[in-house]
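Enquirer: Here it is, the structure in full.
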Amino acid sequence: MINRFFQTIRVDVQAAKERDPAARTSLEVFLAYPGLHAVWAHHLAHWLWEHNLKLAGRIVSHVSRFLTGIEIHPGAKLCANLFIDHGMGVVIGETAEVGCNVTLYHGVTLGGVSLEKGKRHPTIEENVVIGAGAKVLGAITVGRGSRIGANAVVVKDVPPDSVVVGVPDQVVRRSKPIVPAFDLNHGQLPDTLGESLRAVMERLDELEESLKGHAHQDFEDEPQPQVEPGTGSNNGHEPASRHDHHGPHTPKKGVWDGEDFMI
């Protein structure tokens, strides 16, 4: 068990150096990264919890919270290579499950929304990045390879390879593979509402052009031709067609199509 613990320390230190450009040496990471200290303390607390030493596990968790500012319930299940960057204010609930190679930033909450004793916290699959201040609430699943934007509030399941933004959550499914494997751009947020409003305005322009043509026909003795392309109110250009725009217009079953989003 001791050998396995030291192997875990080596793997976690290497993970921190890969995902934090501020990390300089292994010794610095080992001594001065509270996110790693909280995870290592959790290994002990979880072992005590699983061996029915629940009070001892809670005490270890409480001391770790006091020292690191990170609260991880001893009942939570954490996979290898979890990296908590900065870490202050992170809360991980009792029935939360966190997959391998996950990255959490400060202020993240994996919380519950129920008084039931069963599963009430999120399941985070592997290779997920959760941005600063994000709240993932309830017994939901965040699919592998997804990114939760900073300050998002996630209350429903997230498909794999997606980006989530907003309050409440707006889900954009990626249309292209992630490069590199760790997508740390949690400040890069697609503007789903702005994109939808732009599509509505384009549609209104089309309707105005169409109504203008009908008005000419109603008030003149003879039928008049429709407004010629280039003579409308669109600065001499063809009115924008809804079908010419390849970006999203409405979410399908609550999930946006992300082909043209910069995610």
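Please note that chains go A, B, ... in the order of the structure tokens, that every chain numbers its residues from 1, and that ligands are numbered from 1 in the order shown.
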Do you know which residues are at most 12 Å from Phe6 in chain A counting only C-alpha atoms, after dropping those on the same chain fewer than 4 positions away, and could you put them as a count of residues only?

Expert: 9

Enquirer: Could you write out, as a PyMOL selection string, all the residues of range 3-104 of chain A that DSSP marks as alpha helix (DSSP H)?

Expert: chain A and resi 3-19+26-32+34-50+54-68

Enquirer: Can you pull out the residues contacting Val142 in chain A? Cut-off 6 Å, using only C-alpha atoms, and skip same-chain residues under 5 positions away; I want them as a ChimeraX atom specification.

Expert: /A:124,157-158

Enquirer: Give me a file of those residues, with N, CA and C atoms, as a PDB file, in the first residue's frame.

Expert:
ATOM      1  N   ILE A 124     -18.500  12.590 -12.862  1.00  0.00           N
ATOM      2  CA  ILE A 124     -17.673  13.272 -13.855  1.00  0.00           C
ATOM      3  C   ILE A 124     -16.812  12.214 -14.544  1.00  0.00           C
ATOM      4  N   ASP A 157     -27.723  16.194 -17.589  1.00  0.00           N
ATOM      5  CA  ASP A 157     -26.655  15.379 -18.156  1.00  0.00           C
ATOM      6  C   ASP A 157     -25.991  16.083 -19.333  1.00  0.00           C
ATOM      7  N   VAL A 158     -24.681  15.881 -19.449  1.00  0.00           N
ATOM      8  CA  VAL A 158     -23.896  16.475 -20.529  1.00  0.00           C
ATOM      9  C   VAL A 158     -23.368  15.340 -21.413  1.00  0.00           C
TER      10      VAL A 158
END

Enquirer: So which one's closest to Tyr33 in chain A, A:Asp169, A:Glu18, A:Glu50, A:Asp85? Using only C-alpha atoms, please.

Expert: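 Among the listed residues, the smallest separation from Tyr33 in chain A belongs to A:Asp85.
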
Enquirer: May I ask which of the residues A:Pro21, A:Ile84, A:His62, A:Lys54 is the closest one to Leu36 in chain A, counting only C-alpha atoms?

Expert: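 Closest residue, counting only C-alpha atoms: A:Ile84.
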
Enquirer: Write out as a list in words which residues come within 6 Å of range 68-80 of chain A when counting only C-alpha atoms, dropping same-chain ones fewer than 2 positions away.

Expert: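 Surrounding residues, per the criterion: Pro34, Ala45, His46, Gly57, Ser64, Arg65, Phe66, Leu82, Met88, Gly89, Val90, Val91, Ile92, Gly93, Glu94, Thr95, Ala96, Glu97, Val98, Gly99 and Cys100 of chain A.
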
Enquirer: Save the residues we just selected, C-alpha atoms, as a PDB file, in the first residue's frame?

Expert:
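Generated file (again_25.pdb):
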ATOM      1  CA  PRO A  34      -2.753  22.509  -2.084  1.00  0.00           C
ATOM      2  CA  ALA A  45      -9.867   9.761   4.513  1.00  0.00           C
ATOM      3  CA  HIS A  46     -11.574   7.550   1.917  1.00  0.00           C
ATOM      4  CA  GLY A  57     -12.356   9.874   7.894  1.00  0.00           C
ATOM      5  CA  SER A  64      -7.459  18.891   5.069  1.00  0.00           C
ATOM      6  CA  ARG A  65     -10.166  21.490   4.452  1.00  0.00           C
ATOM      7  CA  PHE A  66      -8.649  23.756   7.098  1.00  0.00           C
ATOM      8  CA  LEU A  82      -7.205  14.385 -10.687  1.00  0.00           C
ATOM      9  CA  MET A  88      -9.644  27.408  -2.922  1.00  0.00           C
ATOM     10  CA  GLY A  89     -13.381  26.913  -2.471  1.00  0.00           C
ATOM     11  CA  VAL A  90     -13.664  23.553  -4.239  1.00  0.00           C
ATOM     12  CA  VAL A  91     -16.366  21.314  -2.751  1.00  0.00           C
ATOM     13  CA  ILE A  92     -16.874  17.653  -3.714  1.00  0.00           C
ATOM     14  CA  GLY A  93     -19.880  15.914  -2.173  1.00  0.00           C
ATOM     15  CA  GLU A  94     -20.259  12.485  -0.612  1.00  0.00           C
ATOM     16  CA  THR A  95     -21.630  10.526  -3.583  1.00  0.00           C
ATOM     17  CA  ALA A  96     -19.644  12.355  -6.273  1.00  0.00           C
ATOM     18  CA  GLU A  97     -17.568  10.229  -8.638  1.00  0.00           C
ATOM     19  CA  VAL A  98     -14.668  11.814 -10.516  1.00  0.00           C
ATOM     20  CA  GLY A  99     -13.010   9.996 -13.411  1.00  0.00           C
ATOM     21  CA  CYS A 100      -9.357   9.869 -14.405  1.00  0.00           C
TER      22      CYS A 100
END

Enquirer: Rank A:His37, A:Arg174, A:Arg120, A:Arg58 by their smallest atom-to-atom distance to Val155 in chain A, using only C-alpha atoms, and report the top residue only.

Expert: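 Nearest to Val155 in chain A: A:Arg120.
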
Enquirer: May I ask which of the residues A:Leu53, A:Ala15, A:Leu197, A:Val108 is the closest one to Gly87 in chain A, counting only C-alpha atoms?

Expert: A:Val108

Enquirer: Just give me the gap between CA of Val163 in chain A and CA of Gly112 in chain A in Å, one decimal is fine.

Expert: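 These atoms are spaced 21.5 Å apart.
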
Enquirer: Rounded to one decimal in Å, what is the spacing between CA of Leu67 in chain A and CA of Lys135 in chain A?

Expert: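 The value is 22.7 Å.
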
Enquirer: Could you tell me how far CA of Gln7 in chain A lies from CA of Asn81 in chain A, in Å and to one decimal?

Expert: 11.4 Å

Enquirer: Name the closest residue to Ser146 in chain A among the candidates A:Val167, A:Val255, A:Val102, A:Leu207; distances are taken between atoms, counting only C-alpha atoms.

Expert: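 Closest residue, counting only C-alpha atoms: A:Val102.
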
Enquirer: So which residues touch Arg144 in chain A within 7 Å, counting only C-alpha atoms, skipping near sequence neighbours fewer than 2 positions away, as a ChimeraX atom specification?

Expert: /A:125-128,142,146,160-161
